[in-house]
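All remarks here apply to the structure that follows.
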Amino acid sequence: MAVAQFIPSSSSLTKRTTLYSSQLSQYLSSTHKPLLTLRRTNYAKICCSVTSNEVQAPVAKQSNDPIKKPECFGVFCLTYDLKAEEETSSWKKMINVSVSGAAGMIANHLLFKLASGEVFGPDQPIALKLLGSERSIQALEGRAWEQCDHAGVAMELEDSLFPLLREVSIGIDPYEVFQDAEWALLIGAKPRGPGMERAGLLDINGQIFAEQGKALNAVASRNVKVIVVGNPCNTNALICLKNAPDIPSKNFHALTRLDENRAKCQLALKAGVFYDKVSNMTIWGNHSTTQVPDFLNAKINGFQVKEVIRDTKWLEEEFTEKVQKRGGVLIQKWGRSSAASTAVSVVDAIRSLVTPTPEGDWFSTGVYTNGNPYGIAEDIVFSMPCRSKGDGDYELVKDVLMDDYLRSRIKKSEDELLAEKRCVAHLTGEGIAVCDLPGDTMLPGEM
Ligand SMILES: NC(=O)C1=CN([C@@H]2O[C@H](COP(=O)(O)OP(=O)(O)OC[C@H]3O[C@@H](n4cnc5c(N)ncnc54)[C@H](OP(=O)(O)O)[C@@H]3O)[C@@H](O)[C@H]2O)C=CC1
Ligand SMILES: O=C([O-])CC(=O)C(=O)O
């Protein structure tokens with residue numbers, strides 16, 4: 001099936017491309033597969049020290065053959081009927097957190113942080129709903145781990161004895177996995193392979209996010225917060241929100257927190273301070289090599305960066321490029337893209353929304369531009385400075401400085417995102433895609 005006709009522009013850097021999505025349709029059409037639910041009721045009680053007469057014998061509900069009847073396995077199959085509720089009675093109501101790309105590298109770090117309580121707090125029980133594919137479901141369940149290069153995520157979650165992890169469910173149908181999701185962490189995406197055009201990546205991954213947007217719209221909580229990690233994350237987030245018209249566009253984020261963290265690290269290194277002394281760090285724009293790490297507004301020990309680091313040439317050239325291309329350097333070292341630091345930055349991104357922003361500071365996240373006070377084009381997802389009261393919502397920061405350098409850099413990233421948007425018009429319901437991407441459009445991990 002031809003899904004988009006990319007019309008050549010006058011630029012010699014663009015190519016006429018017609019994309020086919022049969023492989024992807026196969027991946028996405030595998031819907032309505034059974035959802036495996038791993039549930040442990042009151043498991044926290046078992047982990048905590050309660051007196052033995054409060055704990056009744058576990059009522060085992062294990063299936064005889066967990067491979068043929070994969071409703072549950074291992075410790076998640078046991079239902080404990082505990083009378084004593086002191087430990088859990090102070091807990092908040094359980095929240096549903098859906099994670100796509102759950103068998104991938106980033107999720108492998110992130111899931112354990114989510115389950116440990118370090119993200120949502122020590123009194124916040126969670127249900128993890130993992131979205132995999134036909135291919136990865138075995139890795140997620142851990143049933144065929146001997147043949148698989150993935151770890152068995154569910155088995156490792158089980159072995160971690162996390163008291164706050166109340167349910168684990170696994171599925172390959174976003175309409176089931178996103179049911180009542182209060183947080184959707186969308187990590188799964190195809191990485192760009194050798195010889196693949198960026199336009200091709202935008203289309204293939206864009207279709208994943210169009211489908212997932214529709215699923216969120218149909219079944220997720222009306223106030224779900226969505227964090228898109230899978231690249232190209234800004235445009236994927238735009239596609240997702242356009243396909244979820246019943247969910248506020250404001251609730252969709254593209255992850256640029258890793259870029260913020262990378263920028264803070266480089267400034268700290270140059271200034272010879274610990275990185276917790278760097279604040280007010282904005283990443284403007286796309287999670288790509290056009291992103292703008294803003295050294296005009298950032299502070300070190302409460303002073304403007306330019307008062308501390310007087311080498312403007314270093315800031316404009318070396319620092320900026322280092323942050324923009326940090327992902328690529330990491331790929332050269334590792335042979336794969338950043339996973340642990342990305343997971344940490346997802347944690348930071350969520351925590352910035354669920355805890356009040358420290359007075360005077362802000363954080364960066366890629367959000368919908370409608371109504372922004374900076375003159376950035378509307379109707380794209382752009383990284384900007386935000387503050388939160390800790391209620392999951394945020395406000396854009398109004399009191400920021402602008403100069404010609406910053407404005408011109410922001411414009412370049414804006415142009416890139418507008419071009420990406422034209423390239424996925426067939427996925428946002430805005431007509432025929434015209435793909436005239438600037439020649440230097442690259443992900444941070446591309447060199
Ligand atoms: N925004 C940011 O700051 C960053 C973003 N990223 C991006 O995050 C994404 C995930 O990275 P990472 O976890 O390391 O990647 P992995 O390759 O380890 O995992 C990717 C997961 O995506 C899933 N997937 C969904 N659809 C496809 C498809 N069509 N083709 C291939 N895989 C698919 C796979 O799921 P399954 O196994 O179920 O088939 C796989 O588990 C990438 O897009 C990467 O570029 C990475 C670093 C930073
Ligand atoms: O470019 C990539 O695929 C990885 C990435 O986003 C990053 O490291 O920032």
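Residues are referred to by chain and number: the chain letter is A, B, ... according to the order shown in the structure tokens, the number counts from 1 in that chain, and ligands are numbered separately from 1 in the order shown.
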Q) Residues of region 92-253 of chain A in helix (DSSP H, G or I) according to DSSP, as an MDAnalysis selection string? A) chainID A and resid 105:116 137:141 153:159 174:177 198:219 233:242 249:251
Q. Out of region 280-436 of chain A, which residues get strand (DSSP E) from DSSP, as a ChimeraX atom specification?
A. /A:282-284,292-294,299-300,303-304,363-368,381-387,395-396
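Using only C-alpha atoms, the smallest distance between any of A:Ser98, A:Ser337, A:Asn234, A:Gln207 and Ala127 (chain A) comes from A:Ser98.
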Q. Between A:Glu134, A:Glu307, A:Asp403, A:Glu211, which is the closest to ligand 1 once you count only C-alpha atoms and all ligand atoms?
A.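 So, comparing all the options, the nearest one is A:Glu134.
Summary of the local environment: counting only C-alpha atoms, residues at most 8 Å from Leu443 (chain A), other than itself and those fewer than 5 positions away along its chain, are A:Asn231, A:Pro232, A:His287, A:Ser288, A:Thr289.
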I'd like a table as CSV: residues in chain A with an atom no more than 7 Å from ligand 1, each row giving the shortest atom pair and its distance in Å to one decimal, only C-alpha atoms and all ligand atoms counted, sorted by chain and rising residue number.
```
residue,atom,partner,partner_atom_place_in_ligand_line,distance
A:Leu24,CA,ligand 1,29 (N),6.1
A:Gly101,CA,ligand 1,21 (C),3.9
A:Ala102,CA,ligand 1,41 (O),5.8
A:Ala103,CA,ligand 1,41 (O),4.4
A:Gly104,CA,ligand 1,19 (O),3.3
A:Met105,CA,ligand 1,18 (O),3.7
A:Ile106,CA,ligand 1,13 (O),3.9
A:Ala107,CA,ligand 1,13 (O),5.9
A:Leu131,CA,ligand 1,38 (O),6.9
A:Gly132,CA,ligand 1,38 (O),3.6
A:Ser133,CA,ligand 1,38 (O),3.9
A:Glu134,CA,ligand 1,38 (O),7.0
A:Arg135,CA,ligand 1,39 (O),5.4
A:Ser136,CA,ligand 1,37 (O),4.3
A:Ile137,CA,ligand 1,38 (O),6.7
A:Ile187,CA,ligand 1,10 (C),5.0
A:Gly188,CA,ligand 1,22 (O),3.2
A:Ala189,CA,ligand 1,22 (O),4.1
A:Lys190,CA,ligand 1,30 (N),3.6
A:Pro191,CA,ligand 1,43 (O),5.2
A:Ile204,CA,ligand 1,29 (N),6.8
A:Asn205,CA,ligand 1,29 (N),6.7
A:Ile208,CA,ligand 1,26 (N),6.8
A:Val229,CA,ligand 1,1 (N),4.2
A:Gly230,CA,ligand 1,43 (O),3.5
A:Asn231,CA,ligand 1,43 (O),4.0
A:Pro232,CA,ligand 1,43 (O),6.9
A:Cys233,CA,ligand 1,1 (N),5.7
A:Ala254,CA,ligand 1,1 (N),6.8
A:Leu255,CA,ligand 1,1 (N),4.6
A:Thr256,CA,ligand 1,3 (O),5.5
A:Arg257,CA,ligand 1,3 (O),6.8
A:Leu258,CA,ligand 1,3 (O),5.1
A:Asp259,CA,ligand 1,3 (O),6.7
A:His287,CA,ligand 1,1 (N),6.4
A:Ser337,CA,ligand 1,47 (C),5.7
A:Ser338,CA,ligand 1,47 (C),5.1
A:Ala339,CA,ligand 1,14 (O),5.3
A:Thr342,CA,ligand 1,48 (C),5.2
```
Write the selection just made, keeping N, CA and C atoms, as a CSV table (one decimal), in the first residue's frame?
```csv
chain,number,residue,atom,x,y,z
A,24,LEU,N,4.9,-2.5,8.0
A,24,LEU,CA,4.4,-1.9,9.2
A,24,LEU,C,2.9,-2.3,9.4
A,101,GLY,N,7.6,-0.1,23.4
A,101,GLY,CA,9.0,-0.4,23.2
A,101,GLY,C,9.6,-1.0,24.5
A,102,ALA,N,8.7,-1.8,25.1
A,102,ALA,CA,9.0,-2.2,26.5
A,102,ALA,C,10.1,-3.3,26.6
A,103,ALA,N,10.4,-3.9,25.5
A,103,ALA,CA,11.5,-4.9,25.5
A,103,ALA,C,12.8,-4.2,25.0
A,104,GLY,N,12.8,-2.9,24.7
A,104,GLY,CA,14.0,-2.3,24.2
A,104,GLY,C,14.9,-1.8,25.3
A,105,MET,N,16.0,-1.2,24.8
A,105,MET,CA,17.1,-0.8,25.7
A,105,MET,C,16.7,0.2,26.7
A,106,ILE,N,16.0,1.3,26.3
A,106,ILE,CA,15.6,2.3,27.2
A,106,ILE,C,14.7,1.8,28.3
A,107,ALA,N,13.7,1.1,27.8
A,107,ALA,CA,12.7,0.6,28.7
A,107,ALA,C,13.3,-0.4,29.8
A,131,LEU,N,3.7,-2.5,26.2
A,131,LEU,CA,3.3,-2.7,24.8
A,131,LEU,C,4.5,-3.3,24.1
A,132,GLY,N,4.3,-4.5,23.5
A,132,GLY,CA,5.4,-5.1,22.8
A,132,GLY,C,4.9,-5.5,21.4
A,133,SER,N,5.6,-6.3,20.7
A,133,SER,CA,5.2,-6.8,19.4
A,133,SER,C,5.2,-8.3,19.4
A,134,GLU,N,4.7,-8.9,18.3
A,134,GLU,CA,4.7,-10.3,18.2
A,134,GLU,C,6.1,-10.8,18.5
A,135,ARG,N,7.1,-10.1,17.9
A,135,ARG,CA,8.5,-10.5,18.1
A,135,ARG,C,9.0,-10.5,19.5
A,136,SER,N,8.6,-9.4,20.2
A,136,SER,CA,9.2,-9.2,21.5
A,136,SER,C,8.4,-9.7,22.6
A,137,ILE,N,7.2,-10.2,22.4
A,137,ILE,CA,6.3,-10.6,23.5
A,137,ILE,C,7.0,-11.7,24.3
A,187,ILE,N,8.1,4.8,23.7
A,187,ILE,CA,9.5,4.6,23.4
A,187,ILE,C,9.7,3.9,22.1
A,188,GLY,N,8.9,2.9,21.9
A,188,GLY,CA,9.1,2.0,20.7
A,188,GLY,C,9.0,2.7,19.4
A,189,ALA,N,10.1,2.5,18.6
A,189,ALA,CA,10.2,3.1,17.3
A,189,ALA,C,11.3,2.4,16.5
A,190,LYS,N,11.2,2.4,15.2
A,190,LYS,CA,12.2,1.8,14.4
A,190,LYS,C,13.4,2.7,14.3
A,191,PRO,N,14.6,2.2,14.6
A,191,PRO,CA,15.8,3.1,14.4
A,191,PRO,C,16.1,3.2,12.9
A,204,ILE,N,7.6,5.8,8.6
A,204,ILE,CA,7.4,4.5,9.2
A,204,ILE,C,7.0,4.7,10.7
A,205,ASN,N,7.8,5.5,11.4
A,205,ASN,CA,7.5,5.8,12.8
A,205,ASN,C,6.3,6.6,13.0
A,208,ILE,N,3.3,4.5,13.3
A,208,ILE,CA,3.2,3.9,14.7
A,208,ILE,C,2.5,4.9,15.6
A,229,VAL,N,9.3,9.4,23.2
A,229,VAL,CA,10.7,9.2,23.2
A,229,VAL,C,11.2,8.8,21.8
A,230,GLY,N,10.5,7.9,21.2
A,230,GLY,CA,10.9,7.3,19.9
A,230,GLY,C,11.1,8.4,18.9
A,231,ASN,N,12.1,8.3,18.2
A,231,ASN,CA,12.5,9.4,17.2
A,231,ASN,C,11.8,9.2,15.9
A,232,PRO,N,11.7,10.3,15.2
A,232,PRO,CA,11.9,11.7,15.5
A,232,PRO,C,10.9,12.2,16.5
A,233,CYS,N,11.2,12.4,17.7
A,233,CYS,CA,10.2,12.5,18.8
A,233,CYS,C,9.3,13.7,18.7
A,254,ALA,N,7.4,15.8,23.8
A,254,ALA,CA,8.6,15.1,23.2
A,254,ALA,C,9.8,15.2,24.1
A,255,LEU,N,10.5,14.1,24.3
A,255,LEU,CA,11.5,14.1,25.3
A,255,LEU,C,12.8,14.9,24.8
A,256,THR,N,13.0,16.0,25.4
A,256,THR,CA,14.3,16.8,25.2
A,256,THR,C,15.0,16.9,26.5
A,257,ARG,N,14.6,16.2,27.5
A,257,ARG,CA,15.3,16.4,28.8
A,257,ARG,C,16.7,15.8,28.8
A,258,LEU,N,16.9,14.8,27.9
A,258,LEU,CA,18.3,14.3,27.8
A,258,LEU,C,19.2,15.4,27.3
A,259,ASP,N,18.7,16.1,26.3
A,259,ASP,CA,19.5,17.2,25.8
A,259,ASP,C,19.8,18.3,26.8
A,287,HIS,N,14.4,17.8,18.8
A,287,HIS,CA,15.4,16.8,19.3
A,287,HIS,C,16.2,16.3,18.1
A,337,SER,N,22.4,3.6,20.7
A,337,SER,CA,22.2,4.9,21.2
A,337,SER,C,22.0,4.9,22.7
A,338,SER,N,22.1,6.1,23.3
A,338,SER,CA,22.1,6.2,24.8
A,338,SER,C,20.8,5.6,25.3
A,339,ALA,N,20.9,4.7,26.3
A,339,ALA,CA,19.7,4.1,26.8
A,339,ALA,C,19.6,4.4,28.3
A,342,THR,N,19.0,8.1,28.8
A,342,THR,CA,17.7,8.5,28.3
A,342,THR,C,16.7,8.1,29.3
```
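Proximity to region 215-225 of chain A at 8 Å, evaluated using only C-alpha atoms and with sequence-adjacent residues fewer than 4 positions away removed, yields Pro174, Tyr175, Glu176, Phe178, Gln179, Asp180, Ala181, Glu182, Trp183, Ala184, Glu211, Asn243, Ala244, Pro245, Asp246, Ile247, Pro248, Asn251, Phe252, His253 and Gly392 of chain A.
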Q) Which residues come within 8 Å of region 343-352 of chain A, counting only C-alpha atoms, excluding same-chain residues fewer than 5 positions away, as a ChimeraX atom specification? A) /A:106-107,109-110,113-114,119-120,255,257-258,261,357,363,365,388,390
Q: Could you please determine the separation between CA of Gly213 (chain A) and CA of Ala237 (chain A) in Å, to one decimal place?
A: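 Distance reported for this atom pair: 8.8 Å.
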(Q) Set the distance at 6 Å and use only C-alpha atoms: which residues neighbour Ile283 (chain A) once local chain neighbours fewer than 2 positions away are removed? I'd like the list as a list in words. (A) Glu260, Val292, Pro293 and Ser364 of chain A
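Restricting the calculation to only C-alpha atoms and all ligand atoms, the smallest distance between ligand 2 and any of A:Arg310, A:Lys93, A:Lys325, A:Lys214 is found for A:Lys325.
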Q. From the list A:Ala115, A:Leu157, A:Pro163, A:Gly429, which residue is nearest Trp91 (chain A) when using only C-alpha atoms?
A. A:Pro163
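Among the candidates A:Gly328, A:Gly371, A:Gly360, A:Pro385, the one nearest to ligand 2 when counting only C-alpha atoms and all ligand atoms is A:Gly328.
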Q) Using only C-alpha atoms, which of A:Gly195, A:Gly121, A:Gly285, A:Gly327 sits nearest Leu417 (chain A)? A) A:Gly285
Q: Could you please determine the separation between CA of Lys411 (chain A) and CA of Tyr374 (chain A) in Å, to one decimal place?
A: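 According to the coordinates, CA of Lys411 (chain A) and CA of Tyr374 (chain A) are separated by 11.1 Å.
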